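Below is protein.tsv, which holds TSV, C-alpha atoms.
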```
chain	number	residue	atom	x	y	z
A	1	GLN	CA	0.00	0.00	0.00
A	2	PRO	CA	2.70	2.61	0.88
A	3	VAL	CA	4.59	1.79	-2.33
A	4	HIS	CA	1.39	2.19	-4.36
A	5	GLU	CA	0.68	5.61	-2.81
A	6	GLU	CA	4.25	6.74	-3.42
A	7	ALA	CA	4.03	5.55	-7.05
A	8	GLU	CA	0.83	7.58	-7.56
A	9	GLY	CA	2.56	10.65	-6.14
A	10	LEU	CA	5.51	10.16	-8.48
A	11	GLU	CA	3.18	9.76	-11.47
A	12	LYS	CA	1.49	13.07	-10.62
A	13	GLU	CA	4.87	14.79	-10.34
A	14	LEU	CA	5.95	13.30	-13.66
A	15	SER	CA	2.78	14.63	-15.30
A	16	ARG	CA	3.47	18.12	-13.94
A	17	VAL	CA	7.10	18.03	-15.11
A	18	THR	CA	6.03	16.82	-18.58
A	19	LEU	CA	3.48	19.62	-18.87
A	20	ALA	CA	6.07	22.19	-17.78
A	21	LYS	CA	8.55	20.86	-20.38
A	22	LYS	CA	5.96	21.14	-23.17
A	23	THR	CA	5.06	24.68	-22.11
A	24	MET	CA	8.70	25.75	-22.08
A	25	ALA	CA	9.40	24.07	-25.44
A	26	ASN	CA	6.59	26.01	-27.14
A	27	ARG	CA	7.50	29.31	-25.51
A	28	GLY	CA	8.02	31.97	-28.14
A	29	HIS	CA	6.46	29.92	-30.94
A	30	SER	CA	3.81	32.55	-31.67
A	31	LEU	CA	6.53	35.18	-31.92
A	32	GLN	CA	8.45	32.99	-34.38
A	33	VAL	CA	5.31	32.62	-36.50
A	34	LEU	CA	4.78	36.39	-36.57
A	35	VAL	CA	8.41	37.01	-37.53
A	36	GLU	CA	8.07	34.46	-40.36
A	37	LEU	CA	4.85	36.13	-41.50
A	38	TYR	CA	6.52	39.56	-41.45
A	39	ASN	CA	9.33	38.19	-43.63
A	40	LEU	CA	6.90	36.64	-46.13
A	41	VAL	CA	4.53	39.59	-46.68
A	42	PRO	CA	5.54	41.42	-49.88
A	43	GLU	CA	5.42	45.21	-50.16
A	44	ASN	CA	2.47	45.14	-52.58
A	45	LEU	CA	0.27	43.33	-50.05
A	46	GLU	CA	-1.34	44.67	-46.88
A	47	LEU	CA	-2.70	42.59	-44.01
A	48	SER	CA	-5.73	43.99	-42.20
A	49	GLU	CA	-6.44	41.04	-39.88
A	50	ILE	CA	-4.36	38.27	-38.35
A	51	ARG	CA	-6.02	35.67	-36.14
A	52	TYR	CA	-4.77	32.46	-34.63
A	53	ASP	CA	-5.81	30.21	-31.81
A	54	VAL	CA	-4.42	27.46	-29.62
A	55	GLN	CA	-5.96	24.77	-31.84
A	56	GLY	CA	-3.59	25.88	-34.60
A	57	LYS	CA	-6.06	27.69	-36.86
A	58	PHE	CA	-4.61	30.73	-38.61
A	59	LEU	CA	-6.54	33.36	-40.62
A	60	LEU	CA	-5.25	36.29	-42.67
A	61	ARG	CA	-7.30	39.02	-44.37
A	62	GLY	CA	-5.98	41.85	-46.43
A	63	SER	CA	-5.65	43.47	-49.82
A	64	ALA	CA	-3.11	43.46	-52.62
A	65	GLU	CA	-2.34	45.27	-55.82
A	66	SER	CA	-2.99	42.17	-57.94
A	67	MET	CA	-4.30	38.63	-57.92
A	68	SER	CA	-0.80	37.35	-58.70
A	69	ALA	CA	0.52	39.03	-55.52
A	70	VAL	CA	-2.02	37.10	-53.45
A	71	PHE	CA	-1.20	33.77	-55.10
A	72	SER	CA	2.53	34.39	-54.77
A	73	PHE	CA	2.02	35.09	-51.07
A	74	VAL	CA	0.01	31.87	-50.69
A	75	GLU	CA	2.87	29.94	-52.33
A	76	SER	CA	5.33	31.48	-49.87
A	77	LEU	CA	3.13	30.46	-46.95
A	78	GLU	CA	2.88	26.91	-48.31
A	79	LYS	CA	6.68	26.64	-48.45
A	80	SER	CA	7.09	27.88	-44.89
A	81	PRO	CA	7.59	25.28	-42.14
A	82	HIS	CA	5.26	27.26	-39.85
A	83	PHE	CA	2.06	26.95	-41.91
A	84	SER	CA	0.10	23.94	-43.18
A	85	ASN	CA	-2.98	23.37	-45.35
A	86	VAL	CA	-2.85	26.92	-46.71
A	87	LYS	CA	-6.05	27.78	-48.58
A	88	THR	CA	-7.35	30.93	-50.21
A	89	ARG	CA	-10.94	31.24	-48.97
A	90	TYR	CA	-11.81	34.12	-51.28
A	91	THR	CA	-10.41	36.85	-53.50
A	92	THR	CA	-12.53	39.76	-54.74
A	93	GLN	CA	-11.58	42.69	-56.88
A	94	ARG	CA	-12.79	46.20	-56.16
A	95	LYS	CA	-11.93	49.74	-57.15
A	96	GLN	CA	-10.25	51.99	-54.64
A	97	GLY	CA	-10.25	55.37	-56.31
A	98	SER	CA	-8.82	54.71	-59.74
A	99	VAL	CA	-6.87	51.62	-58.71
A	100	GLU	CA	-8.01	47.99	-58.79
A	101	VAL	CA	-7.46	46.25	-55.43
A	102	VAL	CA	-7.82	42.56	-54.55
A	103	ASP	CA	-9.26	41.70	-51.14
A	104	PHE	CA	-8.48	38.23	-49.87
A	105	GLU	CA	-8.83	35.80	-47.00
A	106	ILE	CA	-6.40	32.96	-46.38
A	107	ASP	CA	-6.64	30.29	-43.76
A	108	SER	CA	-4.17	27.64	-42.73
A	109	GLY	CA	-3.02	25.54	-39.87
A	110	LEU	CA	-0.09	26.36	-37.67
A	111	GLU	CA	2.60	23.77	-37.42
A	112	LYS	CA	3.58	22.94	-33.88
A	113	LYS	CA	7.15	23.63	-32.91
A	114	LYS	CA	9.23	20.49	-33.29
A	115	GLY	CA	11.06	19.20	-30.27
```

Let me see whether you can do it: turn the structure in this file into structure tokens.
Amino acid sequence: QPVHEEAEGLEKELSRVTLAKKTMANRGHSLQVLVELYNLVPENLELSEIRYDVQGKFLLRGSAESMSAVFSFVESLEKSPHFSNVKTRYTTQRKQGSVEVVDFEIDSGLEKKKG
């Protein structure tokens, strides 16, 4: 009986240590994702909304000078190790003054930090 109780206590401690290790390993991951995103956004594209959650869902909304700028950006996201299942949910063209602008929404998954 005493050995069983001690084993249960050790299992609880091990669970707490494991959780603490996972938390520390993922520390700063969101910052790494934002730095990667900053590096991937071209000058002819503007982000108006960035959302992500703990389940790994990631959403971007914005506008660009052309459809090709949006698709090039999507390709860059697909090649990045931080994003998965990148999909363009919509693209719509509109006039802003005398200039054509493309509004878009992209969603993807966030890859968990390895290690």

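Taking only C-alpha atoms into account, Leu77 of chain A lies nearest to A:Glu36 out of the set A:Glu36, A:Glu13, A:Asp53, A:Glu46.
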
| task | Just the residues within 9 Å of Glu49 of chain A, please, counting all atoms listed in the file, with nothing from its chain fewer than 3 positions along; format it as a PyMOL selection string. | result | chain A and resi 59-62

| field | Interatomic distance, atom CA of Arg89 of chain A to atom CA of Pro42 of chain A (Å, one decimal) | value | 19.4 Å

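Considering the residues A:Leu19, A:Pro81, A:Glu8, A:Ser72 and counting only C-alpha atoms, Glu111 of chain A has its shortest atom-to-atom contact with A:Pro81.
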
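Of note, atom CA of Leu45 of chain A and atom CA of Asp107 of chain A are spaced 16.0 Å apart.
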
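The coordinates place atom CA of Lys57 of chain A at 10.0 Å from atom CA of Asn85 of chain A.
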
| query | Between A:Leu37, A:Val99, A:Leu31, A:Ala20, which is the closest to Lys79 of chain A once you count only C-alpha atoms? | reply | A:Leu37

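Distances here use all atoms listed in the file; by that measure, the residue among A:Thr91, A:Gln55, A:Gln32, A:Ser76 closest to Ile106 of chain A is A:Thr91.
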
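Between His82 of chain A and the residues A:Glu105, A:Val54, A:Glu43, A:Leu34, the shortest atom-to-atom distance, using all atoms listed in the file, involves A:Leu34.
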
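Residue nearest Asp103 of chain A, chosen from A:Val41, A:Ala64, A:Val86, A:Val33 and counting only C-alpha atoms: A:Ala64.
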
Which residues are near Ser66 of chain A? Cut-off 9 Å, only C-alpha atoms, ignore same chain within fewer than 3 positions. Put them as a PDB file with C-alpha atoms, in the frame of the given file.
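Just written: part_33.pdb:
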```pdb
ATOM      1  CA  ASN A  44       2.470  45.140 -52.580  1.00  0.00           C
ATOM      2  CA  LEU A  45       0.270  43.330 -50.050  1.00  0.00           C
ATOM      3  CA  SER A  63      -5.650  43.470 -49.820  1.00  0.00           C
ATOM      4  CA  ALA A  69       0.520  39.030 -55.520  1.00  0.00           C
ATOM      5  CA  VAL A  70      -2.020  37.100 -53.450  1.00  0.00           C
ATOM      6  CA  GLN A  93     -11.580  42.690 -56.880  1.00  0.00           C
ATOM      7  CA  GLU A 100      -8.010  47.990 -58.790  1.00  0.00           C
ATOM      8  CA  VAL A 101      -7.460  46.250 -55.430  1.00  0.00           C
ATOM      9  CA  VAL A 102      -7.820  42.560 -54.550  1.00  0.00           C
TER      10      VAL A 102
END
```
